[in-house]
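Coordinates from query_36.cif are shown below (mmCIF, C-alpha atoms and all ligand atoms).
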```cif
data_work
loop_
_atom_site.label_atom_id
_atom_site.label_comp_id
_atom_site.auth_asym_id
_atom_site.auth_seq_id
_atom_site.Cartn_x
_atom_site.Cartn_y
_atom_site.Cartn_z
CA MET A 144 106.18 15.13 -89.81
CA ASP A 145 109.45 17.08 -89.94
CA LEU A 146 112.39 15.30 -91.60
CA SER A 147 114.46 18.47 -91.96
CA SER A 148 118.06 18.55 -90.84
CA LYS A 149 121.13 20.75 -90.98
CA ILE A 150 124.84 20.66 -91.58
CA GLN A 151 126.12 23.77 -89.84
CA ASN A 152 123.82 26.55 -91.04
CA VAL A 153 122.80 24.79 -94.25
CA LYS A 154 119.22 23.60 -93.97
CA PHE A 155 118.00 20.48 -95.79
CA GLU A 156 114.24 19.89 -96.18
CA ASN A 157 114.87 16.24 -95.44
CA LEU A 158 117.84 14.19 -94.31
CA PHE A 159 118.41 12.03 -97.39
CA LEU A 160 121.30 12.45 -99.83
CA ASN A 161 122.79 10.29 -102.56
CA ALA A 162 126.14 8.80 -101.60
CA SER A 163 128.89 10.43 -103.63
CA GLY A 164 129.49 8.41 -106.80
CA ILE A 165 125.86 7.37 -107.17
CA HIS A 166 123.96 9.06 -109.99
CA CYS A 167 126.01 12.25 -109.69
CA GLN A 168 128.71 12.22 -112.35
CA THR A 169 127.06 13.82 -115.40
CA LYS A 170 124.89 16.91 -115.78
CA GLU A 171 121.87 14.72 -116.55
CA GLU A 172 122.37 12.67 -113.39
CA LEU A 173 122.90 15.75 -111.26
CA ASP A 174 119.76 17.36 -112.72
CA ASP A 175 117.79 14.18 -111.92
CA LEU A 176 118.90 14.43 -108.31
CA MET A 177 118.11 18.14 -108.20
CA ASN A 178 114.59 17.43 -109.43
CA ASN A 179 113.93 14.49 -107.07
CA SER A 180 111.72 15.85 -104.32
CA TYR A 181 112.45 13.03 -101.85
CA SER A 182 116.16 13.70 -101.36
CA GLY A 183 116.85 16.78 -99.26
CA GLY A 184 120.28 17.44 -100.73
CA MET A 185 122.83 16.01 -103.12
CA VAL A 186 126.52 15.24 -103.32
CA THR A 187 128.61 15.45 -106.50
CA LYS A 188 130.93 12.69 -107.71
CA SER A 189 134.35 13.28 -106.17
CA ALA A 190 136.27 15.49 -108.60
CA THR A 191 139.89 15.41 -109.65
CA SER A 192 141.53 18.33 -111.46
CA ASN A 193 141.08 16.68 -114.84
CA HIS A 194 138.43 14.47 -116.40
CA ARG A 195 139.01 10.75 -115.71
CA PHE A 196 137.52 7.76 -117.45
CA GLY A 197 138.30 5.68 -114.38
CA ASN A 198 139.22 2.00 -114.19
CA PRO A 199 138.56 -0.56 -116.94
CA LEU A 200 135.23 -2.42 -116.99
CA PRO A 201 133.74 -4.47 -115.42
CA ARG A 202 134.11 -2.25 -112.34
CA TYR A 203 130.78 -2.63 -110.49
CA HIS A 204 129.06 -5.85 -109.52
CA SER A 205 125.81 -6.43 -107.64
CA LEU A 206 126.08 -8.92 -104.81
CA PRO A 207 123.39 -10.84 -102.95
CA SER A 208 123.48 -8.29 -100.10
CA GLY A 209 125.19 -5.29 -101.57
CA SER A 210 127.80 -4.36 -104.12
CA ILE A 211 131.47 -4.33 -104.92
CA ASN A 212 133.03 -1.51 -106.97
CA SER A 213 136.34 -0.40 -108.31
CA MET A 214 135.22 2.59 -110.39
CA GLY A 215 138.56 4.38 -110.10
CA LEU A 216 137.29 7.93 -109.71
CA PRO A 217 135.60 8.47 -113.09
CA ASN A 218 134.54 12.13 -113.18
CA GLU A 219 134.13 15.09 -115.50
CA GLY A 220 136.90 17.14 -113.91
CA PHE A 221 136.78 19.78 -111.20
CA ASP A 222 135.81 22.75 -113.41
CA PHE A 223 132.63 20.99 -114.50
CA TYR A 224 131.47 20.40 -110.91
CA LEU A 225 132.47 23.87 -109.68
CA ASP A 226 130.55 25.33 -112.59
CA TYR A 227 127.53 23.12 -111.80
CA VAL A 228 127.36 24.05 -108.12
CA THR A 229 127.82 27.76 -108.73
CA ARG A 230 125.56 28.14 -111.77
CA THR A 231 122.66 25.72 -111.29
CA GLU A 232 119.49 26.94 -109.70
CA GLN A 233 119.55 25.15 -106.37
CA LYS A 234 116.26 23.61 -105.35
CA LYS A 235 118.22 21.86 -102.61
CA PRO A 236 121.71 22.24 -101.14
CA ILE A 237 124.63 20.58 -102.94
CA ILE A 238 127.80 19.22 -101.34
CA LEU A 239 130.82 19.58 -103.63
CA SER A 240 133.07 16.50 -103.26
CA VAL A 241 136.75 16.58 -104.24
CA ALA A 242 139.42 13.89 -104.25
CA GLY A 243 142.77 14.85 -105.70
CA MET A 244 145.19 12.12 -106.79
CA SER A 245 147.77 13.46 -104.34
CA LYS A 246 147.98 15.75 -101.34
CA GLU A 247 149.21 18.55 -103.61
CA GLU A 248 146.20 18.12 -105.87
CA ASP A 249 143.83 18.14 -102.88
CA LEU A 250 145.36 21.42 -101.70
CA GLU A 251 145.17 22.91 -105.20
CA LEU A 252 141.48 21.98 -105.55
CA LEU A 253 140.67 23.47 -102.16
CA HIS A 254 142.56 26.66 -103.06
CA GLN A 255 140.40 26.95 -106.16
CA ILE A 256 137.23 26.53 -104.09
CA GLN A 257 138.45 29.07 -101.55
CA ASP A 258 139.13 31.58 -104.35
CA SER A 259 135.80 30.95 -106.12
CA ASP A 260 132.31 32.36 -105.55
CA TYR A 261 131.13 28.99 -104.19
CA GLN A 262 129.79 29.39 -100.67
CA GLY A 263 128.26 25.95 -100.08
CA LEU A 264 129.54 22.84 -98.34
CA THR A 265 132.66 21.08 -99.58
CA GLU A 266 133.65 17.49 -98.76
CA LEU A 267 137.20 16.22 -99.13
CA ASN A 268 137.22 12.50 -99.89
CA LEU A 269 140.12 11.01 -97.91
CA SER A 270 138.97 7.44 -98.39
CA CYS A 271 138.67 6.29 -102.02
CA PRO A 272 139.86 2.67 -101.96
CA ASN A 273 140.12 2.06 -105.70
CA VAL A 274 142.92 4.03 -107.31
CA ILE A 275 146.26 2.25 -107.60
CA GLY A 276 149.02 4.30 -106.03
CA LYS A 277 146.55 6.46 -104.07
CA PRO A 278 146.25 5.11 -100.55
CA GLN A 279 143.20 5.75 -98.38
CA MET A 280 144.61 8.88 -96.75
CA ALA A 281 142.46 8.74 -93.63
CA TYR A 282 144.15 5.46 -92.58
CA ASP A 283 147.36 7.49 -92.26
CA PHE A 284 146.62 9.34 -89.03
CA GLN A 285 149.73 11.50 -88.95
CA GLY A 286 149.47 12.31 -92.65
CA SER A 287 145.82 13.33 -92.24
CA ASP A 288 146.70 15.57 -89.33
CA ILE A 289 149.46 17.32 -91.27
CA MET A 290 147.19 17.73 -94.27
CA LEU A 291 144.26 19.18 -92.28
CA ASN A 292 146.68 21.54 -90.59
CA GLU A 293 147.81 22.84 -93.97
CA ILE A 294 144.27 23.04 -95.30
CA PHE A 295 142.82 25.10 -92.49
CA LYS A 296 145.60 27.65 -92.75
CA PHE A 297 143.91 28.95 -95.91
CA PHE A 298 140.52 27.26 -96.24
CA LYS A 299 137.82 29.36 -94.58
CA LYS A 300 134.67 27.88 -96.11
CA PRO A 301 132.67 24.99 -94.60
CA LEU A 302 134.63 21.77 -95.12
CA GLY A 303 133.82 18.18 -94.20
CA ILE A 304 135.70 14.95 -94.88
CA LYS A 305 134.67 11.53 -96.11
CA LEU A 306 136.14 8.80 -93.93
CA PRO A 307 136.82 5.14 -94.52
CA PRO A 308 135.46 2.64 -92.00
CA TYR A 309 137.55 2.02 -88.89
CA PHE A 310 137.51 -1.32 -87.11
CA ASP A 311 139.36 -0.80 -83.85
CA LEU A 312 138.27 1.37 -80.91
CA VAL A 313 141.82 2.70 -80.66
CA HIS A 314 141.51 3.95 -84.23
CA PHE A 315 138.22 5.73 -83.44
CA ASP A 316 139.98 7.47 -80.54
CA LYS A 317 142.91 8.39 -82.72
CA ILE A 318 141.03 9.84 -85.70
CA ALA A 319 138.57 11.70 -83.44
CA SER A 320 141.37 13.32 -81.45
CA ILE A 321 142.85 14.59 -84.71
CA LEU A 322 139.58 15.76 -86.26
CA ASN A 323 138.58 17.58 -83.07
CA GLN A 324 141.48 19.99 -83.58
CA TYR A 325 139.95 21.41 -86.75
CA PRO A 326 136.83 23.47 -87.55
CA LEU A 327 135.25 20.76 -89.72
CA SER A 328 131.65 21.25 -90.82
CA HIS A 329 131.01 17.52 -90.84
CA VAL A 330 132.36 14.04 -91.31
CA ASN A 331 130.76 11.61 -93.73
CA THR A 332 131.13 8.03 -92.52
CA ILE A 333 131.60 5.49 -94.10
CA ASN A 334 133.06 5.12 -97.57
CA SER A 335 132.87 1.61 -98.98
CA ILE A 336 134.71 -1.10 -97.04
CA GLY A 337 137.92 -1.15 -99.03
CA ASN A 338 139.48 -4.05 -100.87
CA GLY A 339 136.92 -6.76 -100.48
CA MET A 340 136.57 -9.51 -103.07
CA TRP A 341 133.86 -11.61 -104.66
CA VAL A 342 134.44 -14.93 -106.37
CA ASP A 343 132.23 -16.37 -109.12
CA ILE A 344 132.30 -20.11 -108.58
CA GLU A 345 131.09 -21.05 -112.11
CA SER A 346 133.84 -19.21 -113.95
CA GLU A 347 136.27 -19.54 -111.05
CA LYS A 348 137.00 -15.83 -111.53
CA VAL A 349 136.88 -12.53 -109.76
CA VAL A 350 134.01 -10.23 -110.81
CA LEU A 351 135.92 -6.96 -111.29
CA LYS A 352 138.70 -6.31 -113.78
CA PRO A 353 140.68 -3.60 -111.93
CA LYS A 354 143.17 -4.45 -109.21
CA GLY A 355 142.88 -8.20 -109.71
CA GLY A 356 139.29 -8.14 -108.45
CA PHE A 357 139.65 -6.15 -105.23
CA GLY A 358 137.00 -3.48 -104.63
CA GLY A 359 134.98 -1.48 -102.11
CA ILE A 360 132.03 -3.21 -100.46
CA GLY A 361 128.75 -1.33 -100.03
CA GLY A 362 125.07 -1.98 -99.47
CA ALA A 363 123.32 -4.04 -96.79
CA MET A 364 126.53 -5.89 -95.86
CA ALA A 365 128.09 -2.60 -94.81
CA LEU A 366 125.30 -1.56 -92.42
CA PRO A 367 126.73 -2.87 -89.11
CA THR A 368 130.12 -1.33 -89.87
CA ALA A 369 128.49 1.96 -90.86
CA LEU A 370 126.33 2.11 -87.74
CA ALA A 371 129.33 1.42 -85.52
CA ASN A 372 131.34 4.17 -87.21
CA VAL A 373 128.53 6.74 -86.89
CA ARG A 374 128.01 5.81 -83.24
CA ALA A 375 131.71 5.70 -82.30
CA LEU A 376 132.44 9.03 -83.98
CA ARG A 377 129.35 10.74 -82.53
CA GLN A 378 130.56 9.67 -79.08
CA ARG A 379 134.03 11.10 -79.71
CA LEU A 380 133.72 14.14 -81.98
CA ASN A 381 133.03 17.69 -80.82
CA SER A 382 129.32 18.44 -81.03
CA SER A 383 130.17 21.21 -83.53
CA ILE A 384 131.06 18.55 -86.13
CA ASP A 385 127.95 17.16 -87.81
CA ILE A 386 127.74 13.60 -89.17
CA ILE A 387 126.49 12.23 -92.47
CA GLY A 388 125.76 8.53 -91.99
CA THR A 389 126.49 6.51 -95.12
CA GLY A 390 126.45 2.77 -95.56
CA GLY A 391 124.00 -0.07 -95.86
CA VAL A 392 120.72 1.85 -95.95
CA THR A 393 118.12 -0.12 -97.88
CA THR A 394 115.00 0.64 -95.79
CA GLY A 395 113.51 3.26 -93.50
CA ARG A 396 114.50 1.05 -90.57
CA ASP A 397 118.17 1.34 -91.55
CA ALA A 398 117.88 5.13 -91.80
CA PHE A 399 116.19 5.20 -88.37
CA ALA A 400 119.10 3.18 -86.95
CA HIS A 401 121.66 5.61 -88.44
CA ILE A 402 119.83 8.54 -86.79
CA LEU A 403 119.67 6.72 -83.44
CA CYS A 404 123.46 6.34 -83.70
CA GLY A 405 123.74 10.09 -84.19
CA ALA A 406 123.59 10.84 -87.93
CA ASN A 407 122.40 14.34 -88.88
CA MET A 408 121.96 13.33 -92.52
CA VAL A 409 121.78 9.90 -94.17
CA SER A 410 123.14 9.14 -97.61
CA ILE A 411 122.26 6.16 -99.77
CA GLY A 412 124.54 4.54 -102.32
CA THR A 413 124.12 0.96 -103.49
CA GLN A 414 120.34 0.92 -102.96
CA VAL A 415 119.84 4.03 -105.12
CA TYR A 416 122.08 2.52 -107.78
CA GLU A 417 120.09 -0.72 -107.78
CA GLU A 418 116.56 0.65 -107.33
CA GLY A 419 116.87 4.08 -108.92
CA LEU A 420 115.94 7.44 -107.43
CA GLY A 421 112.55 6.03 -106.41
CA ALA A 422 114.40 4.55 -103.42
CA PHE A 423 114.30 8.00 -101.80
CA GLU A 424 110.50 8.12 -101.86
CA ARG A 425 110.10 4.57 -100.53
CA ILE A 426 112.67 4.95 -97.76
CA THR A 427 111.23 8.34 -96.76
CA SER A 428 107.75 6.90 -96.38
CA GLU A 429 109.10 3.90 -94.43
CA LEU A 430 110.96 6.22 -92.06
CA LYS A 431 107.87 8.37 -91.57
CA GLU A 432 105.81 5.29 -90.76
CA ILE A 433 108.28 4.18 -88.08
CA MET A 434 108.43 7.67 -86.56
CA ASN A 435 104.64 7.87 -86.61
CA SER A 436 104.24 4.53 -84.84
CA LYS A 437 106.64 5.70 -82.13
CA GLY A 438 105.05 9.14 -81.75
CA TYR A 439 108.13 11.01 -83.00
CA HIS A 440 107.61 14.26 -84.91
CA SER A 441 111.16 15.30 -85.77
CA LEU A 442 114.60 13.73 -86.03
CA ASP A 443 115.69 15.50 -82.85
CA ASP A 444 113.19 13.38 -80.92
CA PHE A 445 115.47 10.35 -81.27
CA ARG A 446 118.77 11.40 -82.87
CA GLY A 447 121.72 10.00 -80.95
CA LYS A 448 119.45 8.46 -78.32
CA LEU A 449 120.54 4.87 -78.88
CA LYS A 450 120.26 2.84 -75.68
CA THR A 451 122.80 0.32 -74.46
CA ILE A 452 122.14 -2.74 -72.30
CA GLU A 453 122.97 -2.11 -68.64
O1 LIG A 501 135.43 5.99 -107.83
C1 LIG A 501 135.58 5.06 -107.01
O2 LIG A 501 136.13 3.98 -107.30
C2 LIG A 501 135.15 5.19 -105.61
C3 LIG A 501 135.42 6.29 -104.83
BR1 LIG A 501 136.23 7.85 -105.48
C4 LIG A 501 135.07 6.27 -103.45
O3 LIG A 501 135.31 7.20 -102.68
N1 LIG A 501 134.47 5.15 -102.98
C5 LIG A 501 134.19 4.09 -103.75
O4 LIG A 501 133.63 3.10 -103.26
N2 LIG A 501 134.53 4.12 -105.09
#
```
Show me the file's structure as structure tokens.
Ligand code: RRO
Amino acid sequence: MDLSSKIQNVKFENLFLNASGIHCQTKEELDDLMNNSYSGGMVTKSATSNHRFGNPLPRYHSLPSGSINSMGLPNEGFDFYLDYVTRTEQKKPIILSVAGMSKEEDLELLHQIQDSDYQGLTELNLSCPNVIGKPQMAYDFQGSDIMLNEIFKFFKKPLGIKLPPYFDLVHFDKIASILNQYPLSHVNTINSIGNGMWVDIESEKVVLKPKGGFGGIGGAMALPTALANVRALRQRLNSSIDIIGTGGVTTGRDAFAHILCGANMVSIGTQVYEEGLGAFERITSELKEIMNSKGYHSLDDFRGKLKTIE
């Protein structure tokens, strides 16, 4: 059974990745991911120029069907991650994720990557919902267009972007028409569903301290939104732009659905956080079982082949 996949010319032994932010902030966490043989690649925590503690605690809460978080971009700082991706022996490909606190910082970080020895995949996170004063850039269509235009004037290495979920077909048309103008390696869809809320009835309180309790929703609850975003973007983006499907994967069935919608790779967030890295092994074996029962040998046998009802 072949679960290998590619983003551009980077080959992954299997399609599973951690979602950025999950078990990928510290060296120990990154090493754990590197040594896990059931994830085909890994993504670093989105980096800012300087180390950040992030938002005050509590900033993550498990929900009956998922999670809510307002981590606030805690990370070790860009130099740490650039050093990790250039100096660590790579048993699997790494995607370097960056998320400056402003457009200027994004451009500065990308300049540093361009000028470095790093030759791997980079992902610009345009969709963090949890930092006060930092809007989710990819909801600003014109601003995103201007920014990508500036970026690709100097950035010549493979670059993808992490998108927030969209909820209107007009918005899918709009973002796709912008993204199709640029030589993107991939899009990663979706980030958490921004600014949800959970209410604890006993205490009559919100469950997160930052932002008065608002936070990004992930896990099983996000699956239908994630599938729709993968599908809608696959139908609209140039075939040269690959897709990482992220959102709501808790089983092999969910991963299978993401691939049917057109995902080249599948990343897993909340479920890995809740279950640990063992989730990769379980979900891999569940996916293999489904493929086996359907007589599929590789992901190409069914990727993007979702049927609609006539
Ligand atoms: O750190 C976070 O609060 C965070 C980020 Br950068 C992101 O992109 N998505 C998310 O759900 N949380």
Can I get the residues close to ligand LIG 501 (chain A) as a ChimeraX atom specification, where close means within 8 Å and we count all atoms listed in the file? /A:163-164,188-189,197-198,211-217,242,268-274,305,334-337,358-361
Once you count only C-alpha atoms, which residues end up no further than 12 Å from (110.6, 0.1, -96.6) in the file's frame, shown as a count of residues only? 22
Long-range neighbours of stretch 222-238 of chain A as a count of residues only, 8 Å cut-off, only C-alpha atoms, 5 positions minimum in chain: 21
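Atom CA of A:Ala369 lies 24.0 Å from atom CA of A:Val350.
Atom pair atom CA of A:Met364 / atom CA of A:Glu172: separated by 25.9 Å.
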Do you know which residues are at most 9 Å from stretch 370-384 of chain A counting all atoms listed in the file, after dropping those on the same chain fewer than 5 positions away, and could you put them as a PDB file with C-alpha atoms, in the coordinates of the input?
```pdb
ATOM      1  CA  ILE A 150     124.840  20.660 -91.580  1.00  0.00           C
ATOM      2  CA  GLN A 151     126.120  23.770 -89.840  1.00  0.00           C
ATOM      3  CA  GLY A 303     133.820  18.180 -94.200  1.00  0.00           C
ATOM      4  CA  PRO A 308     135.460   2.640 -92.000  1.00  0.00           C
ATOM      5  CA  TYR A 309     137.550   2.020 -88.890  1.00  0.00           C
ATOM      6  CA  PHE A 310     137.510  -1.320 -87.110  1.00  0.00           C
ATOM      7  CA  LEU A 312     138.270   1.370 -80.910  1.00  0.00           C
ATOM      8  CA  PHE A 315     138.220   5.730 -83.440  1.00  0.00           C
ATOM      9  CA  ASP A 316     139.980   7.470 -80.540  1.00  0.00           C
ATOM     10  CA  ILE A 318     141.030   9.840 -85.700  1.00  0.00           C
ATOM     11  CA  ALA A 319     138.570  11.700 -83.440  1.00  0.00           C
ATOM     12  CA  SER A 320     141.370  13.320 -81.450  1.00  0.00           C
ATOM     13  CA  LEU A 322     139.580  15.760 -86.260  1.00  0.00           C
ATOM     14  CA  ASN A 323     138.580  17.580 -83.070  1.00  0.00           C
ATOM     15  CA  PRO A 326     136.830  23.470 -87.550  1.00  0.00           C
ATOM     16  CA  LEU A 327     135.250  20.760 -89.720  1.00  0.00           C
ATOM     17  CA  SER A 328     131.650  21.250 -90.820  1.00  0.00           C
ATOM     18  CA  HIS A 329     131.010  17.520 -90.840  1.00  0.00           C
ATOM     19  CA  VAL A 330     132.360  14.040 -91.310  1.00  0.00           C
ATOM     20  CA  ASN A 331     130.760  11.610 -93.730  1.00  0.00           C
ATOM     21  CA  THR A 332     131.130   8.030 -92.520  1.00  0.00           C
ATOM     22  CA  ILE A 333     131.600   5.490 -94.100  1.00  0.00           C
ATOM     23  CA  ALA A 365     128.090  -2.600 -94.810  1.00  0.00           C
ATOM     24  CA  THR A 389     126.490   6.510 -95.120  1.00  0.00           C
ATOM     25  CA  GLY A 390     126.450   2.770 -95.560  1.00  0.00           C
ATOM     26  CA  GLY A 391     124.000  -0.070 -95.860  1.00  0.00           C
ATOM     27  CA  ALA A 400     119.100   3.180 -86.950  1.00  0.00           C
ATOM     28  CA  HIS A 401     121.660   5.610 -88.440  1.00  0.00           C
ATOM     29  CA  ILE A 402     119.830   8.540 -86.790  1.00  0.00           C
ATOM     30  CA  LEU A 403     119.670   6.720 -83.440  1.00  0.00           C
ATOM     31  CA  CYS A 404     123.460   6.340 -83.700  1.00  0.00           C
ATOM     32  CA  GLY A 405     123.740  10.090 -84.190  1.00  0.00           C
ATOM     33  CA  ALA A 406     123.590  10.840 -87.930  1.00  0.00           C
ATOM     34  CA  GLY A 447     121.720  10.000 -80.950  1.00  0.00           C
ATOM     35  CA  LEU A 449     120.540   4.870 -78.880  1.00  0.00           C
TER      36      LEU A 449
END
```
